[in-house]
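Visitor: So here's structure-v3.cif (mmCIF, C-alpha atoms).
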data_structure
#
loop_
_atom_site.label_atom_id
_atom_site.label_comp_id
_atom_site.auth_asym_id
_atom_site.auth_seq_id
_atom_site.Cartn_x
_atom_site.Cartn_y
_atom_site.Cartn_z
CA MET U 1 0.00 0.00 0.00
CA ILE U 2 1.13 3.57 -0.59
CA LYS U 3 -0.01 6.86 0.90
CA ILE U 4 -1.55 9.28 -1.58
CA ALA U 5 -0.77 12.19 0.74
CA HIS U 6 2.81 12.27 -0.51
CA VAL U 7 2.53 11.21 -4.12
CA GLN U 8 5.58 12.07 -6.20
CA GLN U 9 4.79 11.99 -9.88
CA THR U 10 6.20 13.62 -12.96
CA PRO U 11 4.54 15.65 -15.26
CA ILE U 12 2.25 18.40 -14.09
CA TYR U 13 -0.20 16.48 -11.97
CA SER U 14 1.14 16.00 -8.45
CA PHE U 15 -1.42 15.81 -5.66
CA LYS U 16 -1.57 15.89 -1.88
CA PRO U 17 -4.27 16.82 0.65
CA VAL U 18 -4.66 20.55 1.09
CA VAL U 19 -4.66 21.64 4.75
CA ASP U 20 -5.85 25.14 5.53
CA LYS U 21 -3.23 26.72 7.80
CA ASN U 22 -5.91 28.93 9.26
CA ILE U 23 -7.77 25.98 10.76
CA PRO U 24 -7.23 25.97 14.56
CA ASP U 25 -5.22 23.00 15.84
CA LYS U 26 -8.27 21.52 17.56
CA ASN U 27 -10.02 21.28 14.19
CA LYS U 28 -7.15 19.87 12.14
CA VAL U 29 -7.31 16.28 11.08
CA ASN U 30 -4.46 14.07 12.25
CA THR U 31 -2.18 12.37 9.75
CA GLN U 32 -3.87 9.01 10.08
CA ILE U 33 -7.24 10.50 9.17
CA ALA U 34 -6.04 12.84 6.42
CA THR U 35 -3.91 10.27 4.63
CA VAL U 36 -5.79 8.17 2.11
CA ALA U 37 -4.43 4.74 1.36
CA ILE U 38 -4.87 3.23 -2.10
CA SER U 39 -3.25 0.27 -3.76
CA GLU U 40 -0.24 0.65 -6.05
CA GLU U 41 -2.35 -0.63 -8.92
CA SER U 42 -5.15 1.90 -8.32
CA HIS U 43 -2.61 4.68 -7.97
CA ASN U 44 -1.09 3.84 -11.33
CA LYS U 45 -4.53 3.69 -12.94
CA TYR U 46 -5.36 7.12 -11.56
CA ASN U 47 -2.15 8.56 -12.98
CA GLN U 48 -2.97 7.04 -16.34
CA SER U 49 -6.43 8.63 -16.33
CA LEU U 50 -4.78 12.07 -16.25
CA LYS U 51 -2.08 11.62 -18.88
CA PHE U 52 -4.12 12.52 -21.94
CA LYS U 53 -3.28 16.23 -21.40
CA GLU U 54 0.16 16.11 -19.81
CA THR U 55 1.88 18.03 -22.55
CA ASN U 56 -0.15 21.19 -22.11
CA LYS U 57 0.88 22.93 -18.88
CA ASP U 58 -1.77 25.58 -19.40
CA ASP U 59 -4.58 23.06 -19.60
CA VAL U 60 -7.46 24.49 -17.52
CA LEU U 61 -9.58 21.35 -17.57
CA GLY U 62 -6.70 19.20 -16.41
CA GLN U 63 -6.26 21.64 -13.53
CA GLN U 64 -9.91 21.06 -12.66
CA PHE U 65 -9.20 17.37 -12.17
CA LYS U 66 -6.40 18.34 -9.84
CA GLU U 67 -8.74 20.60 -7.87
CA PHE U 68 -11.33 17.82 -7.67
CA TYR U 69 -8.80 15.41 -6.26
CA GLU U 70 -7.40 17.90 -3.77
CA GLU U 71 -10.88 18.95 -2.66
CA TYR U 72 -12.16 15.42 -2.11
CA HIS U 73 -9.08 14.45 -0.09
CA SER U 74 -8.65 17.75 1.72
CA ALA U 75 -8.51 17.81 5.51
CA GLU U 76 -11.85 19.60 5.64
CA ALA U 77 -13.66 17.09 3.43
CA ILE U 78 -12.23 14.13 5.32
CA GLU U 79 -13.10 15.70 8.67
CA LYS U 80 -16.66 16.37 7.45
CA ARG U 81 -17.10 12.72 6.49
CA ARG U 82 -15.61 11.61 9.80
CA LEU U 83 -17.99 13.83 11.80
CA GLU U 84 -20.97 12.61 9.80
CA ARG U 85 -20.04 9.00 10.54
CA LEU U 86 -19.62 9.84 14.22
CA GLU U 87 -22.99 11.57 14.31
CA LYS U 88 -24.71 8.58 12.74
CA GLU U 89 -23.02 6.18 15.14
CA GLN U 90 -24.13 8.25 18.12
CA ALA U 91 -27.66 8.59 16.74
CA ASN U 92 -27.92 4.81 16.41
CA ASN U 93 -26.53 4.07 19.87
CA ARG U 94 -28.81 5.16 22.68
CA LEU U 95 -26.48 3.60 25.28
CA VAL U 96 -23.61 6.05 24.74
CA ASP U 97 -22.76 7.81 28.03
CA GLU U 98 -19.55 9.59 27.06
CA PHE U 99 -19.38 12.13 24.27
CA PRO U 100 -16.28 13.65 22.63
CA ASP U 101 -15.22 17.02 23.98
CA ASN U 102 -16.11 20.05 21.88
CA THR U 103 -19.47 18.62 20.77
CA LEU U 104 -22.99 19.78 21.53
CA HIS U 105 -23.71 16.46 23.28
CA HIS U 106 -20.82 17.09 25.66
CA VAL U 107 -21.81 20.72 26.29
CA ILE U 108 -25.37 19.74 27.26
CA LYS U 109 -24.32 16.78 29.40
CA GLU U 110 -21.78 18.83 31.35
CA ALA U 111 -24.24 21.70 31.87
CA LEU U 112 -27.11 19.49 33.06
CA GLU U 113 -25.36 16.98 35.34
CA GLY U 114 -27.46 16.83 38.50
CA LYS U 115 -30.29 18.81 36.91
CA VAL U 116 -31.89 15.92 35.01
CA ILE U 117 -32.43 12.26 35.82
CA ASP U 118 -30.21 10.99 32.99
CA ALA U 119 -27.88 13.69 31.67
CA SER U 120 -26.45 11.46 28.93
CA LEU U 121 -29.86 10.52 27.52
CA TYR U 122 -31.09 14.09 27.82
CA ALA U 123 -28.00 15.45 26.06
CA LYS U 124 -28.34 12.94 23.25
CA GLU U 125 -32.00 13.69 22.64
CA LEU U 126 -31.69 17.47 22.85
CA ALA U 127 -28.57 17.63 20.68
CA SER U 128 -30.29 15.45 18.10
CA THR U 129 -33.15 17.93 17.70
CA ILE U 130 -30.94 21.03 17.65
CA ARG U 131 -28.84 19.41 14.89
CA SER U 132 -31.78 17.77 13.14
CA SER U 133 -30.43 18.34 9.63
CA VAL U 134 -27.61 15.93 10.51
CA SER U 135 -29.32 13.47 12.85
CA MET U 136 -32.67 13.16 11.01
CA PRO U 137 -31.82 12.79 7.31
CA ASP U 138 -34.89 10.64 6.60
CA LYS U 139 -37.37 13.23 7.88
CA SER U 140 -38.79 16.09 5.83
CA VAL U 141 -37.53 19.66 6.06
CA GLU U 142 -40.75 20.59 7.90
CA GLU U 143 -40.31 17.83 10.47
CA ARG U 144 -36.66 18.71 11.07
CA ALA U 145 -37.61 22.37 11.48
CA ALA U 146 -40.29 21.42 14.03
CA TYR U 147 -37.90 19.25 16.02
CA ARG U 148 -35.30 22.02 15.92
CA GLU U 149 -37.81 24.58 17.22
CA MET U 150 -39.03 22.24 19.95
CA GLY U 151 -35.44 21.55 20.98
CA LEU U 152 -34.84 25.28 21.25
CA LYS U 153 -37.99 25.71 23.35
CA GLN U 154 -36.87 22.88 25.61
CA ALA U 155 -33.44 24.48 26.05
CA GLU U 156 -34.99 27.88 26.83
CA TYR U 157 -37.21 26.30 29.50
CA ILE U 158 -34.19 24.55 31.05
CA ALA U 159 -32.14 27.76 31.04
CA GLU U 160 -34.94 29.71 32.72
CA HIS U 161 -35.83 27.21 35.43
CA TYR U 162 -32.84 24.96 36.11
CA PHE U 163 -29.85 27.30 36.38
CA ASP U 164 -29.23 29.28 39.56
CA ASP U 165 -26.55 31.39 37.92
CA GLU U 166 -27.77 33.77 35.19
CA LEU U 167 -24.37 33.85 33.50
CA GLU U 168 -24.29 30.05 33.40
CA ALA U 169 -27.77 29.99 31.87
CA ALA U 170 -26.78 32.63 29.30
CA SER U 171 -23.63 30.67 28.39
CA PHE U 172 -25.72 27.52 27.94
CA MET U 173 -28.15 29.28 25.60
CA ASN U 174 -25.34 30.90 23.65
CA GLU U 175 -24.00 27.42 22.85
CA ILE U 176 -27.45 26.11 21.97
CA ASN U 177 -28.16 29.07 19.68
CA LYS U 178 -24.81 28.73 17.95
CA TYR U 179 -25.50 25.11 17.02
CA TYR U 180 -29.11 25.95 16.14
CA GLU U 181 -28.04 28.69 13.71
CA ASN U 182 -25.40 26.44 12.15
CA ASP U 183 -27.99 23.73 11.60
CA VAL U 184 -30.35 26.14 9.86
CA LEU U 185 -27.49 27.03 7.51
CA ARG U 186 -26.86 23.34 6.83
CA GLU U 187 -30.54 22.87 6.04
CA LYS U 188 -30.27 25.69 3.50
CA GLY U 189 -27.33 23.96 1.80
CA TYR U 190 -24.25 25.50 3.38
CA VAL U 191 -21.18 23.62 4.56
CA VAL U 192 -20.71 24.40 8.25
CA PHE U 193 -18.13 23.16 10.77
CA ASP U 194 -19.23 23.48 14.38
CA ASN U 195 -16.68 24.90 16.85
CA SER U 196 -14.49 26.19 14.08
CA ASP U 197 -13.26 29.58 12.95
CA LEU U 198 -14.05 28.59 9.37
CA GLU U 199 -16.84 30.56 7.75
CA PRO U 200 -19.77 28.64 6.21
CA LEU U 201 -19.72 28.33 2.44
CA LYS U 202 -22.23 27.29 -0.19
CA SER U 203 -22.21 23.55 -0.74
CA TYR U 204 -21.50 23.92 -4.45
CA SER U 205 -18.37 25.98 -3.85
CA SER U 206 -15.01 25.29 -2.23
CA ARG U 207 -12.65 27.05 0.14
CA MET U 208 -10.09 26.88 -2.65
CA SER U 209 -12.25 29.08 -4.88
CA ASN U 210 -14.51 32.11 -4.72
CA ASP U 211 -17.85 31.64 -2.97
CA ASP U 212 -19.86 31.83 -6.20
CA ASP U 213 -17.61 29.49 -8.17
CA ILE U 214 -18.90 25.98 -8.88
CA SER U 215 -16.31 23.50 -7.65
CA PHE U 216 -15.22 20.72 -9.94
CA TYR U 217 -16.25 18.23 -7.27
CA THR U 218 -19.86 19.53 -7.46
CA LEU U 219 -19.87 19.26 -11.25
CA ALA U 220 -18.47 15.73 -11.13
CA LYS U 221 -20.81 14.59 -8.37
CA ARG U 222 -23.87 15.85 -10.24
CA TYR U 223 -23.04 15.26 -13.89
CA MET U 224 -20.43 12.50 -14.01
CA ASP U 225 -21.74 9.00 -14.58
CA LYS U 226 -22.28 7.48 -11.12
CA ASP U 227 -20.30 4.34 -11.84
CA TYR U 228 -17.41 6.28 -13.30
CA PHE U 229 -17.50 8.78 -10.42
CA GLU U 230 -16.94 5.96 -7.93
CA ARG U 231 -14.17 4.46 -10.04
CA PHE U 232 -12.55 7.84 -10.57
CA ILE U 233 -12.34 8.50 -6.82
CA LYS U 234 -10.72 5.10 -6.38
CA GLY U 235 -8.15 5.91 -9.07
CA GLU U 236 -9.68 3.56 -11.62
CA GLY U 237 -10.60 6.06 -14.36
CA THR U 238 -9.43 5.77 -17.94
CA PRO U 239 -8.05 8.50 -20.23
CA LYS U 240 -10.96 8.05 -22.63
CA GLU U 241 -13.61 8.43 -19.94
CA SER U 242 -11.83 11.38 -18.36
CA ALA U 243 -11.45 13.19 -21.67
CA ARG U 244 -15.10 12.62 -22.54
CA PHE U 245 -16.31 14.05 -19.24
CA LEU U 246 -13.98 17.06 -19.40
CA MET U 247 -15.23 17.91 -22.85
CA GLU U 248 -18.81 17.63 -21.58
CA ILE U 249 -17.99 20.08 -18.79
CA LYS U 250 -16.24 22.41 -21.22
CA ASN U 251 -19.23 22.49 -23.57
CA ASN U 252 -21.90 22.82 -20.88
CA LYS U 253 -20.18 24.58 -18.00
CA GLU U 254 -22.33 27.76 -18.06
CA LYS U 255 -25.53 25.74 -18.39
CA TYR U 256 -24.50 23.49 -15.51
CA ARG U 257 -23.47 26.48 -13.43
CA GLU U 258 -26.86 28.14 -13.85
CA GLU U 259 -28.67 24.90 -13.00
CA ILE U 260 -26.69 24.34 -9.80
CA ILE U 261 -26.98 27.91 -8.53
CA GLU U 262 -30.69 28.05 -9.37
CA ALA U 263 -31.32 24.78 -7.50
CA PHE U 264 -29.35 26.02 -4.49
CA GLU U 265 -31.16 29.35 -4.32
CA LEU U 266 -34.58 27.69 -4.76
CA ASN U 267 -33.82 25.25 -1.93
CA GLU U 268 -32.62 28.08 0.31
CA GLN U 269 -35.82 30.05 -0.30
CA GLN U 270 -38.04 27.02 0.31
CA VAL U 271 -36.25 26.12 3.53
CA GLU U 272 -36.52 29.70 4.79
CA LYS U 273 -40.23 29.69 4.00
CA GLN U 274 -40.77 26.36 5.78
CA ILE U 275 -38.81 27.43 8.86
CA THR U 276 -40.81 30.68 9.07
CA ALA U 277 -44.07 28.72 8.83
CA THR U 278 -42.92 26.36 11.58
CA LYS U 279 -42.03 29.26 13.88
CA SER U 280 -45.54 30.67 13.32
CA ILE U 281 -47.08 27.36 14.38
CA PHE U 282 -45.02 27.29 17.59
CA ASP U 283 -45.86 30.92 18.33
CA SER U 284 -49.55 30.01 18.14
CA PHE U 285 -49.25 27.38 20.88
CA VAL U 286 -50.26 28.02 24.48
CA TRP U 287 -47.39 26.98 26.79
CA GLU U 288 -47.53 26.13 30.48
CA ASN U 289 -44.51 24.90 32.46
CA GLY U 290 -42.75 23.93 29.25
CA LEU U 291 -45.72 21.97 27.91
CA VAL U 292 -48.03 22.83 25.04
CA THR U 293 -51.53 22.97 26.53
CA GLU U 294 -53.41 24.30 23.53
CA THR U 295 -52.72 23.99 19.81
CA MET U 296 -54.27 25.02 16.52
CA GLU U 297 -57.36 23.12 15.39
CA GLU U 298 -55.50 21.95 12.30
CA GLN U 299 -51.86 20.99 12.60
CA PRO U 300 -49.41 18.64 10.86
CA THR U 301 -49.75 15.04 12.04
CA TYR U 302 -46.02 14.78 12.83
CA LEU U 303 -46.48 17.33 15.63
CA VAL U 304 -48.13 14.64 17.77
CA GLU U 305 -44.82 12.81 17.97
CA ILE U 306 -42.89 16.01 18.67
CA LEU U 307 -45.25 17.11 21.44
CA LYS U 308 -44.83 13.68 23.03
CA TRP U 309 -41.05 14.01 22.76
CA ASN U 310 -41.22 17.35 24.60
CA LYS U 311 -43.34 15.85 27.38
CA ASP U 312 -40.98 12.86 27.76
CA MET U 313 -37.99 15.22 27.99
CA LEU U 314 -39.65 17.30 30.70
CA ASN U 315 -40.26 14.08 32.64
CA LEU U 316 -36.48 13.61 32.79
CA LEU U 317 -36.08 16.80 34.82
CA ASN U 318 -35.43 16.45 38.55
#
Taking this structure as input, can you express it in the form of structure tokens?
Guide:
Amino acid sequence: MIKIAHVQQTPIYSFKPVVDKNIPDKNKVNTQIATVAISEESHNKYNQSLKFKETNKDDVLGQQFKEFYEEYHSAEAIEKRRLERLEKEQANNRLVDEFPDNTLHHVIKEALEGKVIDASLYAKELASTIRSSVSMPDKSVEERAAYREMGLKQAEYIAEHYFDDELEAASFMNEINKYYENDVLREKGYVVFDNSDLEPLKSYSSRMSNDDDISFYTLAKRYMDKDYFERFIKGEGTPKESARFLMEIKNNKEKYREEIIEAFELNEQQVEKQITATKSIFDSFVWENGLVTETMEEQPTYLVEILKWNKDMLNLLN
């Protein structure tokens, strides 16, 4: 096996993961995570898939392949995939008692030790609703918005009634609101890293390009043949397939760009509209001691489950 992080290859295409020097140490990915191992055979196949344009050092499309490779194997992209796997593992394991530092689960558990019957369970459930775009991928945007709003209401009730120190309560809500706002951005289509100094960016862009540029990774993910996309990532592409796709991008780049940006903006508008509608529903409720005692005559059926969740959470309070 060889490590792709330190590939040495002649002509113009030489790749290694790009690590943003501005990322704080706590957010950097260690060498074991950032280094991607591929077989010697796959590595050679990948090199071959890029050699059809080696002679032209000014080749823009060839440079796009380089950007795609660097983006997919960048520290940020690898860390994002690692966090997503961790989130799914935690969401599927209700018996987890210890959470990694610098996570919302950990923040809630530490803040509520002694204030609730089971701080670990409470932290897991509350964090799941606040970060519903990550923990509830199978639910609709409306359902995730409702869970997020109910989680926020639950946190506000806790902060008001279960903290003796006002500064402690304010600090708790500051953390909750930070994660809440980040999750709304994710729902709208932005790439967001919690507890990081990195600014959110549109999912179709890249930190290696301007915010409104369409990254080559986005173009490949959306328009490249699915089978070839998987093989390309593994270093199993062929010069013929690569050339064909690059020519397709060259001939349709503006059309593709307009399609991607239009889809992003439409999704962002729809999500904003759905979140606003959900807030209106929650504002119409009558609340008493953290419980909803009166609702609208007509309401979405999924709210029954969410109202029950809120009641069960309040039952965990000491």
Visitor: For atom CA of U:Tyr162 and atom CA of U:Lys279, quote the distance in Å rounded to one decimal.
Guide: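 If I compute the distance from atom CA of U:Tyr162 to atom CA of U:Lys279, I get 24.4 Å.
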Visitor: Give as an MDAnalysis selection string the residues that the PyMOL selection byres ((chain U and resi 126-129) around 12) matches when applied to the coordinates above.
Guide: chainID U and resid 87:88 90:92 94 99 103:109 112 119:125 130:137 139 143:156 158 175:177 179:180 183:184 306 309:310 312:314 316
Visitor: Which residues come within 12 Å of U:Phe163, counting all atoms listed in the file, excluding same-chain residues fewer than 4 positions away, as a PDB file with C-alpha atoms, keeping the file's coordinate frame?
Guide:
ATOM      1  CA  ALA U 111     -24.240  21.700  31.870  1.00  0.00           C
ATOM      2  CA  LEU U 112     -27.110  19.490  33.060  1.00  0.00           C
ATOM      3  CA  GLU U 113     -25.360  16.980  35.340  1.00  0.00           C
ATOM      4  CA  GLY U 114     -27.460  16.830  38.500  1.00  0.00           C
ATOM      5  CA  LYS U 115     -30.290  18.810  36.910  1.00  0.00           C
ATOM      6  CA  VAL U 116     -31.890  15.920  35.010  1.00  0.00           C
ATOM      7  CA  ALA U 155     -33.440  24.480  26.050  1.00  0.00           C
ATOM      8  CA  GLU U 156     -34.990  27.880  26.830  1.00  0.00           C
ATOM      9  CA  TYR U 157     -37.210  26.300  29.500  1.00  0.00           C
ATOM     10  CA  ILE U 158     -34.190  24.550  31.050  1.00  0.00           C
ATOM     11  CA  ALA U 159     -32.140  27.760  31.040  1.00  0.00           C
ATOM     12  CA  LEU U 167     -24.370  33.850  33.500  1.00  0.00           C
ATOM     13  CA  GLU U 168     -24.290  30.050  33.400  1.00  0.00           C
ATOM     14  CA  ALA U 169     -27.770  29.990  31.870  1.00  0.00           C
ATOM     15  CA  ALA U 170     -26.780  32.630  29.300  1.00  0.00           C
ATOM     16  CA  SER U 171     -23.630  30.670  28.390  1.00  0.00           C
ATOM     17  CA  PHE U 172     -25.720  27.520  27.940  1.00  0.00           C
ATOM     18  CA  MET U 173     -28.150  29.280  25.600  1.00  0.00           C
TER      19      MET U 173
END
Visitor: Could you pull the residues within 8 Å of stretch 203-213 of chain U, counting only C-alpha atoms, minus those fewer than 3 positions along the same chain, as a PyMOL selection string?
Guide: chain U and resi 71+189-191+218+260-261
Visitor: In Å, with one decimal, what is the gap from atom CA of U:Lys221 to atom CA of U:Pro200?
Guide: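 For atom CA of U:Lys221 relative to atom CA of U:Pro200, the distance reads 20.3 Å.
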Visitor: Could you state which residues are captured by the PyMOL selection byres ((chain U and resi 265-267) around 12) in this file, as a ChimeraX atom specification?
Guide: /U:141,185-190,202-204,212,258-264,268-274
Visitor: Pick out the closest residue to U:Leu201 from this set: U:Gly290, U:Leu307, U:Phe229, U:Ser215. Count all atoms listed in the file.
Guide: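 Result for the nearest residue to U:Leu201: U:Ser215.
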Visitor: With distances taken over only C-alpha atoms, which of U:Arg231, U:Leu198, U:Met224, U:Val192 is nearest to U:Met247?
Guide: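 Residue with the minimum atom-to-atom distance to U:Met247: U:Met224.
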Visitor: Give me, please, the distance in Å between atom CA of U:Glu254 and atom CA of U:Lys240, quoted to one decimal.
Guide: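 So the answer is 23.2 Å.
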